[in-house]
file protein27.cif (mmCIF, C-alpha atoms)
data_data
#
loop_
_atom_site.group_PDB
_atom_site.id
_atom_site.type_symbol
_atom_site.label_atom_id
_atom_site.label_comp_id
_atom_site.auth_asym_id
_atom_site.auth_seq_id
_atom_site.Cartn_x
_atom_site.Cartn_y
_atom_site.Cartn_z
ATOM 1 C CA MET A 1 27.260 100.237 148.886
ATOM 2 C CA ALA A 2 29.688 101.010 146.105
ATOM 3 C CA LYS A 3 28.782 99.990 142.674
ATOM 4 C CA LYS A 4 30.960 97.533 140.776
ATOM 5 C CA PRO A 5 32.567 99.086 137.733
ATOM 6 C CA SER A 6 31.132 97.941 134.488
ATOM 7 C CA ASP A 7 33.171 96.129 131.859
ATOM 8 C CA ARG A 8 32.729 99.012 129.435
ATOM 9 C CA ARG A 9 35.088 101.210 131.451
ATOM 10 C CA LEU A 10 37.746 98.491 131.734
ATOM 11 C CA ARG A 11 37.830 97.324 128.141
ATOM 12 C CA PRO A 12 38.914 100.601 126.542
ATOM 13 C CA THR A 13 41.671 100.929 129.109
ATOM 14 C CA VAL A 14 42.933 97.387 128.492
ATOM 15 C CA PHE A 15 42.858 97.716 124.755
ATOM 16 C CA SER A 16 44.511 101.107 124.766
ATOM 17 C CA THR A 17 47.349 99.773 126.929
ATOM 18 C CA VAL A 18 47.945 96.814 124.616
ATOM 19 C CA GLY A 19 47.865 99.115 121.641
ATOM 20 C CA ARG A 20 50.542 101.321 123.159
ATOM 21 C CA ILE A 21 52.705 98.283 123.854
ATOM 22 C CA LYS A 22 52.335 97.063 120.286
ATOM 23 C CA ASN A 23 53.153 100.478 118.846
ATOM 24 C CA THR A 24 56.230 100.754 121.039
ATOM 25 C CA THR A 25 57.457 97.311 119.927
ATOM 26 C CA GLN A 26 56.964 98.153 116.254
ATOM 27 C CA THR A 27 58.880 101.409 116.645
ATOM 28 C CA GLN A 28 61.809 99.571 118.254
ATOM 29 C CA ASN A 29 61.858 96.938 115.505
ATOM 30 C CA GLN A 30 61.838 99.612 112.819
ATOM 31 C CA SER A 31 64.740 101.457 114.429
ATOM 32 C CA GLN A 32 66.959 98.354 114.738
ATOM 33 C CA PRO A 33 68.084 98.246 111.061
ATOM 34 C CA TYR A 34 69.186 101.873 111.270
ATOM 35 C CA GLN A 35 71.115 101.125 114.455
ATOM 36 C CA HIS A 36 73.006 98.236 112.758
ATOM 37 C CA GLN A 37 73.895 100.148 109.601
ATOM 38 C CA PRO A 38 77.023 101.851 111.084
ATOM 39 C CA ILE A 39 78.277 98.463 112.303
ATOM 40 C CA ILE A 40 77.801 96.872 108.878
ATOM 41 C CA LEU A 41 79.518 99.826 107.212
ATOM 42 C CA LEU A 42 82.426 99.577 109.652
ATOM 43 C CA ARG A 43 82.808 95.855 108.892
ATOM 44 C CA LYS A 44 82.948 96.594 105.166
ATOM 45 C CA ILE A 45 85.600 99.254 105.701
ATOM 46 C CA LEU A 46 87.719 96.910 107.839
ATOM 47 C CA LEU A 47 87.375 94.094 105.299
ATOM 48 C CA HIS A 48 88.419 96.411 102.474
ATOM 49 C CA ALA A 49 91.392 97.602 104.526
ATOM 50 C CA LEU A 50 92.486 94.017 105.177
ATOM 51 C CA VAL A 51 92.292 93.186 101.463
ATOM 52 C CA GLN A 52 94.322 96.278 100.603
ATOM 53 C CA ALA A 53 96.905 95.428 103.259
ATOM 54 C CA HIS A 54 97.210 91.856 101.952
ATOM 55 C CA THR A 55 97.619 93.157 98.404
ATOM 56 C CA PHE A 56 100.295 95.619 99.475
ATOM 57 C CA ALA A 57 102.100 92.866 101.401
ATOM 58 C CA ASN A 58 102.276 90.698 98.289
ATOM 59 C CA PHE A 59 103.464 93.675 96.288
ATOM 60 C CA TYR A 60 106.169 94.433 98.843
ATOM 61 C CA ASN A 61 107.332 90.820 99.082
ATOM 62 C CA TYR A 62 107.547 90.433 95.329
ATOM 63 C CA PHE A 63 109.380 93.635 94.434
ATOM 64 C CA TYR A 64 110.903 95.478 97.387
ATOM 65 C CA SER A 65 112.118 92.477 99.364
ATOM 66 C CA LYS A 66 114.158 91.450 96.318
ATOM 67 C CA GLN A 67 116.376 94.490 96.678
ATOM 68 C CA THR A 68 118.524 92.671 99.226
ATOM 69 C CA THR A 69 119.205 89.771 96.841
ATOM 70 C CA MET A 70 118.593 91.464 93.504
ATOM 71 C CA ALA A 71 121.224 90.749 90.895
ATOM 72 C CA SER A 72 123.244 93.531 89.314
ATOM 73 C CA TRP A 73 123.280 92.937 85.564
ATOM 74 C CA TYR A 74 125.873 94.234 83.122
ATOM 75 C CA LEU A 75 125.549 94.115 79.351
ATOM 76 C CA GLY A 76 128.879 93.312 77.724
ATOM 77 C CA LYS A 77 129.686 93.681 74.014
ATOM 78 C CA ILE A 78 132.669 91.819 72.636
ATOM 79 C CA ARG A 79 134.389 91.774 69.245
ATOM 80 C CA TYR A 80 136.683 89.258 67.640
ATOM 81 C CA GLN A 81 137.756 88.062 64.233
ATOM 82 C CA LYS A 82 136.986 84.608 62.951
ATOM 83 C CA GLU A 83 138.056 82.900 59.777
ATOM 84 C CA ASP A 84 135.173 81.911 57.532
ATOM 85 C CA GLU A 85 134.918 79.031 55.061
ATOM 86 C CA ALA A 86 136.581 81.068 52.331
ATOM 87 C CA GLY A 87 139.623 81.658 54.516
ATOM 88 C CA SER A 88 139.052 85.377 55.073
ATOM 89 C CA LEU A 89 138.755 87.043 58.472
ATOM 90 C CA LYS A 90 135.328 88.226 59.515
ATOM 91 C CA THR A 91 134.632 90.653 62.374
ATOM 92 C CA ILE A 92 131.984 89.358 64.749
ATOM 93 C CA ASN A 93 130.156 91.358 67.431
ATOM 94 C CA GLU A 94 128.323 89.562 70.245
ATOM 95 C CA THR A 95 126.391 90.654 73.324
ATOM 96 C CA TYR A 96 126.250 88.870 76.689
ATOM 97 C CA LEU A 97 124.631 89.558 80.048
ATOM 98 C CA VAL A 98 126.600 88.952 83.225
ATOM 99 C CA ASP A 99 125.796 89.301 86.914
ATOM 100 C CA ALA A 100 128.561 91.145 88.772
ATOM 101 C CA VAL A 101 129.135 93.688 91.529
ATOM 102 C CA SER A 102 131.103 96.200 89.420
ATOM 103 C CA TYR A 103 132.256 97.026 85.903
ATOM 104 C CA THR A 104 135.671 95.550 86.667
ATOM 105 C CA GLU A 105 134.251 92.233 87.828
ATOM 106 C CA SER A 106 131.853 92.075 84.893
ATOM 107 C CA GLU A 107 134.762 92.487 82.456
ATOM 108 C CA ALA A 108 136.755 89.788 84.246
ATOM 109 C CA ARG A 109 133.798 87.416 84.164
ATOM 110 C CA LEU A 110 133.284 88.030 80.456
ATOM 111 C CA TYR A 111 136.866 87.001 79.695
ATOM 112 C CA LYS A 112 136.436 83.939 81.917
ATOM 113 C CA GLN A 113 132.987 82.727 80.797
ATOM 114 C CA ILE A 114 132.886 83.376 77.059
ATOM 115 C CA VAL A 115 134.232 80.762 74.681
ATOM 116 C CA THR A 116 134.222 82.043 71.103
ATOM 117 C CA GLY A 117 136.471 79.555 69.363
ATOM 118 C CA ALA A 118 138.774 82.391 68.413
ATOM 119 C CA SER A 119 142.264 82.933 69.749
ATOM 120 C CA ASP A 120 141.418 86.298 71.260
ATOM 121 C CA PHE A 121 138.538 88.750 71.688
ATOM 122 C CA SER A 122 138.126 92.254 73.116
ATOM 123 C CA VAL A 123 135.463 93.691 75.373
ATOM 124 C CA MET A 124 134.305 96.778 73.500
ATOM 125 C CA ALA A 125 131.653 98.148 75.877
ATOM 126 C CA ILE A 126 130.001 97.433 79.225
ATOM 127 C CA SER A 127 126.763 99.061 80.370
ATOM 128 C CA LYS A 128 124.502 98.441 83.313
ATOM 129 C CA MET A 129 121.109 96.920 82.513
ATOM 130 C CA ARG A 130 118.232 97.667 84.861
ATOM 131 C CA LEU A 131 116.109 94.568 85.393
ATOM 132 C CA ALA A 132 113.491 93.858 88.031
ATOM 133 C CA ASP A 133 113.645 90.123 87.396
ATOM 134 C CA LEU A 134 114.987 87.469 85.056
ATOM 135 C CA PHE A 135 113.119 84.272 84.219
ATOM 136 C CA SER A 136 115.219 81.441 82.816
ATOM 137 C CA TYR A 137 113.740 78.319 81.219
ATOM 138 C CA GLU A 138 115.457 75.181 79.981
ATOM 139 C CA ASP A 139 114.404 75.754 76.375
ATOM 140 C CA GLY A 140 114.390 78.974 74.377
ATOM 141 C CA GLU A 141 117.490 80.343 72.663
ATOM 142 C CA LYS A 142 116.295 83.955 72.313
ATOM 143 C CA TRP A 143 116.122 86.518 75.096
ATOM 144 C CA PHE A 144 113.193 88.943 75.230
ATOM 145 C CA LYS A 145 112.895 92.107 77.288
ATOM 146 C CA ALA A 146 109.398 92.816 78.631
ATOM 147 C CA LYS A 147 108.030 96.089 79.977
ATOM 148 C CA VAL A 148 105.589 95.537 82.853
ATOM 149 C CA VAL A 149 103.509 98.447 84.155
ATOM 150 C CA TYR A 150 101.483 98.554 87.374
ATOM 151 C CA PHE A 151 100.168 101.196 89.765
ATOM 152 C CA SER A 152 100.866 101.675 93.464
ATOM 153 C CA VAL A 153 99.888 104.206 96.118
ATOM 154 C CA ASP A 154 102.509 106.635 97.403
ATOM 155 C CA GLU A 155 102.774 106.362 101.200
ATOM 156 C CA LYS A 156 103.483 110.076 101.752
ATOM 157 C CA SER A 157 101.077 111.761 99.349
ATOM 158 C CA GLY A 158 98.513 108.977 99.104
ATOM 159 C CA LYS A 159 98.338 109.456 95.335
ATOM 160 C CA GLU A 160 98.472 106.688 92.772
ATOM 161 C CA LYS A 161 101.728 106.471 90.841
ATOM 162 C CA LYS A 162 102.816 104.539 87.787
ATOM 163 C CA VAL A 163 105.637 102.026 88.217
ATOM 164 C CA VAL A 164 107.563 100.543 85.269
ATOM 165 C CA ASN A 165 109.664 97.385 85.543
ATOM 166 C CA TYR A 166 111.728 95.579 82.923
ATOM 167 C CA MET A 167 112.071 91.799 82.918
ATOM 168 C CA LEU A 168 114.040 89.346 80.820
ATOM 169 C CA VAL A 169 112.881 85.910 79.696
ATOM 170 C CA ASN A 170 114.166 83.331 77.220
ATOM 171 C CA ALA A 171 111.788 81.846 74.660
ATOM 172 C CA ASP A 172 111.517 80.760 71.045
ATOM 173 C CA GLY A 173 109.154 83.588 70.090
ATOM 174 C CA ILE A 174 107.216 86.627 71.304
ATOM 175 C CA ASP A 175 104.045 84.654 72.043
ATOM 176 C CA GLN A 176 105.934 82.171 74.192
ATOM 177 C CA ALA A 177 107.776 85.021 75.929
ATOM 178 C CA LEU A 178 104.464 86.693 76.847
ATOM 179 C CA GLN A 179 103.093 83.377 78.076
ATOM 180 C CA ARG A 180 106.128 82.815 80.287
ATOM 181 C CA ILE A 181 105.980 86.343 81.719
ATOM 182 C CA THR A 182 102.323 85.800 82.601
ATOM 183 C CA GLU A 183 103.117 82.413 84.132
ATOM 184 C CA SER A 184 105.983 83.816 86.218
ATOM 185 C CA LEU A 185 103.803 86.653 87.579
ATOM 186 C CA ARG A 186 100.733 84.513 88.302
ATOM 187 C CA THR A 187 101.108 84.948 92.091
ATOM 188 C CA MET A 188 100.855 88.737 91.905
ATOM 189 C CA LEU A 189 97.620 90.191 93.296
ATOM 190 C CA ILE A 190 98.258 93.686 91.962
ATOM 191 C CA PRO A 191 96.858 94.327 88.474
ATOM 192 C CA TYR A 192 99.617 94.801 85.907
ATOM 193 C CA GLU A 193 100.004 95.083 82.151
ATOM 194 C CA THR A 194 102.764 93.858 79.843
ATOM 195 C CA THR A 195 102.977 96.718 77.358
ATOM 196 C CA ASP A 196 106.092 95.837 75.324
ATOM 197 C CA ILE A 197 108.130 92.753 74.460
ATOM 198 C CA ASN A 198 111.257 93.178 72.345
ATOM 199 C CA LEU A 199 113.900 90.768 71.101
ATOM 200 C CA THR A 200 117.377 91.525 72.474
ATOM 201 C CA PRO A 201 120.773 90.728 70.903
ATOM 202 C CA ILE A 202 121.816 88.823 74.047
ATOM 203 C CA LEU A 203 123.300 85.441 73.195
ATOM 204 C CA ASP A 204 123.768 84.092 76.710
ATOM 205 C CA VAL A 205 123.308 85.022 80.363
ATOM 206 C CA PHE A 206 125.820 84.319 83.130
ATOM 207 C CA PRO A 207 124.267 84.456 86.628
ATOM 208 C CA TYR A 208 126.496 84.920 89.624
ATOM 209 C CA GLN A 209 127.990 81.746 91.055
ATOM 210 C CA ALA A 210 130.105 81.713 94.168
ATOM 211 C CA GLU A 211 133.413 80.040 93.533
ATOM 212 C CA GLU A 212 134.282 77.269 95.938
ATOM 213 C CA GLU A 213 137.716 77.676 97.446
ATOM 214 C CA GLU A 214 139.868 74.574 97.244
ATOM 215 C CA VAL A 215 141.212 73.568 100.650
ATOM 216 C CA GLU A 216 144.803 72.398 100.474
ATOM 217 C CA ILE A 217 145.585 69.313 102.571
ATOM 218 C CA PRO A 218 148.810 69.739 104.611
ATOM 219 C CA ALA A 219 151.694 67.476 103.630
ATOM 220 C CA ASN A 220 151.821 65.774 107.050
ATOM 221 C CA LEU A 221 148.200 64.602 106.784
ATOM 222 C CA ARG A 222 146.858 61.630 104.855
ATOM 223 C CA PRO A 223 143.331 60.781 103.654
ATOM 224 C CA LEU A 224 141.323 58.791 106.208
ATOM 225 C CA SER A 225 140.506 56.090 103.660
ATOM 226 C CA GLU A 226 144.200 55.246 103.240
ATOM 227 C CA VAL A 227 144.762 55.057 107.009
ATOM 228 C CA MET A 228 141.749 52.747 107.497
ATOM 229 C CA ALA A 229 142.875 50.533 104.620
ATOM 230 C CA GLU A 230 146.331 50.080 106.193
ATOM 231 C CA ARG A 231 144.780 49.179 109.576
ATOM 232 C CA GLU A 232 142.562 46.541 108.004
ATOM 233 C CA ALA A 233 145.552 45.064 106.173
ATOM 234 C CA VAL A 234 147.546 44.777 109.414
ATOM 235 C CA GLN A 235 144.688 43.106 111.264
#

call {"tool": "encode", "arguments": {"input": "protein27.cif", "output": "structure tokens"}}
result
Amino acid sequence: MAKKPSDRRLRPTVFSTVGRIKNTTQTQNQSQPYQHQPIILLRKILLHALVQAHTFANFYNYFYSKQTTMASWYLGKIRYQKEDEAGSLKTINETYLVDAVSYTESEARLYKQIVTGASDFSVMAISKMRLADLFSYEDGEKWFKAKVVYFSVDEKSGKEKKVVNYMLVNADGIDQALQRITESLRTMLIPYETTDINLTPILDVFPYQAEEEEVEIPANLRPLSEVMAEREAVQ
């Protein structure tokens, strides 16, 4: 008759099996953080790429998309003579900024827009003024030119390059001009720096305005209001 195995032989086997199971579970748990690290790193890279893409999109919308509607500014200098209180003639030089498509149109607009109070004036010089933007406020008689510097990444080389833009704003002083530049660029996500603000001799700015063509009414036609008035009178 076979003998029944004693509990001493079974217990070590049971405990050794449980120990192996526990050790295996601990090893798997310890290896899980290392397995998730590449996924976490990939998420961080994708998130950073999305932020960079959003920043570049705002940069593109603010600056490059304006090229289709960007104004072409011309700086015009005029000269005329005006009689002072003593009765003598005094030569006066003034500077204006006008939006036009060419030098010829800018000269024509200067003669049309400027009212000096003198009988005649001459356009002495016209030069093109490079501006990225112009901010006009209701108050502020002086015009200030601001230099704004920011950095962007070149698409071909991948290197960082310095970009300089000039902007014009009207204000009563330099502090107010800086405040208005900062306020106008508050939606920009790209870091920038306003390095210079200088007072210009510009007296007034003339943006482009499309002239409405007057439609001539043919002689054989009458206004509708007159026709309706006659019908009501007859009835």

call {"tool": "atom_distance", "arguments": {"input": "protein27.cif", "atom1": "atom CA of Ile190 of chain A", "atom2": "atom CA of Val148 of chain A"}}
result
11.8 Å

call {"tool": "atom_distance", "arguments": {"input": "protein27.cif", "atom1": "atom CA of Asn198 of chain A", "atom2": "atom CA of Asn170 of chain A"}}
result
11.4 Å

call {"tool": "atom_distance", "arguments": {"input": "protein27.cif", "atom1": "atom CA of Ser184 of chain A", "atom2": "atom CA of Phe135 of chain A"}}
result
7.4 Å

call {"tool": "resolve_selection", "arguments": {"input": "protein27.cif", "expression": "the PyMOL selection byres ((chain A and resi 203) around 6)", "output": "ChimeraX atom specification"}}
result
/A:96,202,204

call {"tool": "residues_near_point", "arguments": {"input": "protein27.cif", "point": "(104.4, 102.1, 93.8)", "cutoff": "7 Å", "atoms": "all atoms listed in the file", "output": "VMD selection string"}}
result
chain A and resid 151 to 154 161 to 163

call {"tool": "closest_residue", "arguments": {"input": "protein27.cif", "among": "A:Tyr80, A:Tyr166, A:Tyr103, A:Tyr192", "to": "Lys145 of chain A", "atoms": "all atoms listed in the file"}}
result
A:Tyr166

call {"tool": "residues_around", "arguments": {"input": "protein27.cif", "residues": "segment 122-128 of chain A", "least_positions_apart": "6", "cutoff": "7 Å", "atoms": "all atoms listed in the file", "output": "ChimeraX atom specification"}}
result
/A:73-80

call {"tool": "write_last_selection", "arguments": {"input": "protein27.cif", "atoms": "C-alpha atoms", "output": "PDB file, in the coordinates of the input"}}
result
ATOM      1  CA  TRP A  73     123.280  92.937  85.564  1.00  0.00           C
ATOM      2  CA  TYR A  74     125.873  94.234  83.122  1.00  0.00           C
ATOM      3  CA  LEU A  75     125.549  94.115  79.351  1.00  0.00           C
ATOM      4  CA  GLY A  76     128.879  93.312  77.724  1.00  0.00           C
ATOM      5  CA  LYS A  77     129.686  93.681  74.014  1.00  0.00           C
ATOM      6  CA  ILE A  78     132.669  91.819  72.636  1.00  0.00           C
ATOM      7  CA  ARG A  79     134.389  91.774  69.245  1.00  0.00           C
ATOM      8  CA  TYR A  80     136.683  89.258  67.640  1.00  0.00           C
TER       9      TYR A  80
END

call {"tool": "decode", "arguments": {"input": "protein27.cif", "residues": "segment 165-184 of chain A", "atoms": "C-alpha atoms", "output": "CSV table (one decimal), in the first residue's frame"}}
result
chain,number,residue,atom,x,y,z
A,165,ASN,CA,9.3,95.9,-39.0
A,166,TYR,CA,8.4,99.6,-38.9
A,167,MET,CA,5.1,100.8,-37.7
A,168,LEU,CA,3.4,104.2,-37.5
A,169,VAL,CA,1.1,105.4,-34.7
A,170,ASN,CA,-0.4,108.8,-33.7
A,171,ALA,CA,-0.1,109.9,-30.1
A,172,ASP,CA,0.5,112.9,-27.9
A,173,GLY,CA,3.9,111.6,-26.7
A,174,ILE,CA,6.4,108.8,-26.8
A,175,ASP,CA,4.9,107.0,-23.8
A,176,GLN,CA,1.5,107.0,-25.3
A,177,ALA,CA,2.9,105.9,-28.6
A,178,LEU,CA,4.6,102.9,-26.9
A,179,GLN,CA,1.4,102.1,-25.1
A,180,ARG,CA,-0.6,102.1,-28.3
A,181,ILE,CA,1.9,99.9,-30.1
A,182,THR,CA,1.7,97.4,-27.3
A,183,GLU,CA,-2.1,97.5,-27.3
A,184,SER,CA,-2.3,97.1,-31.1
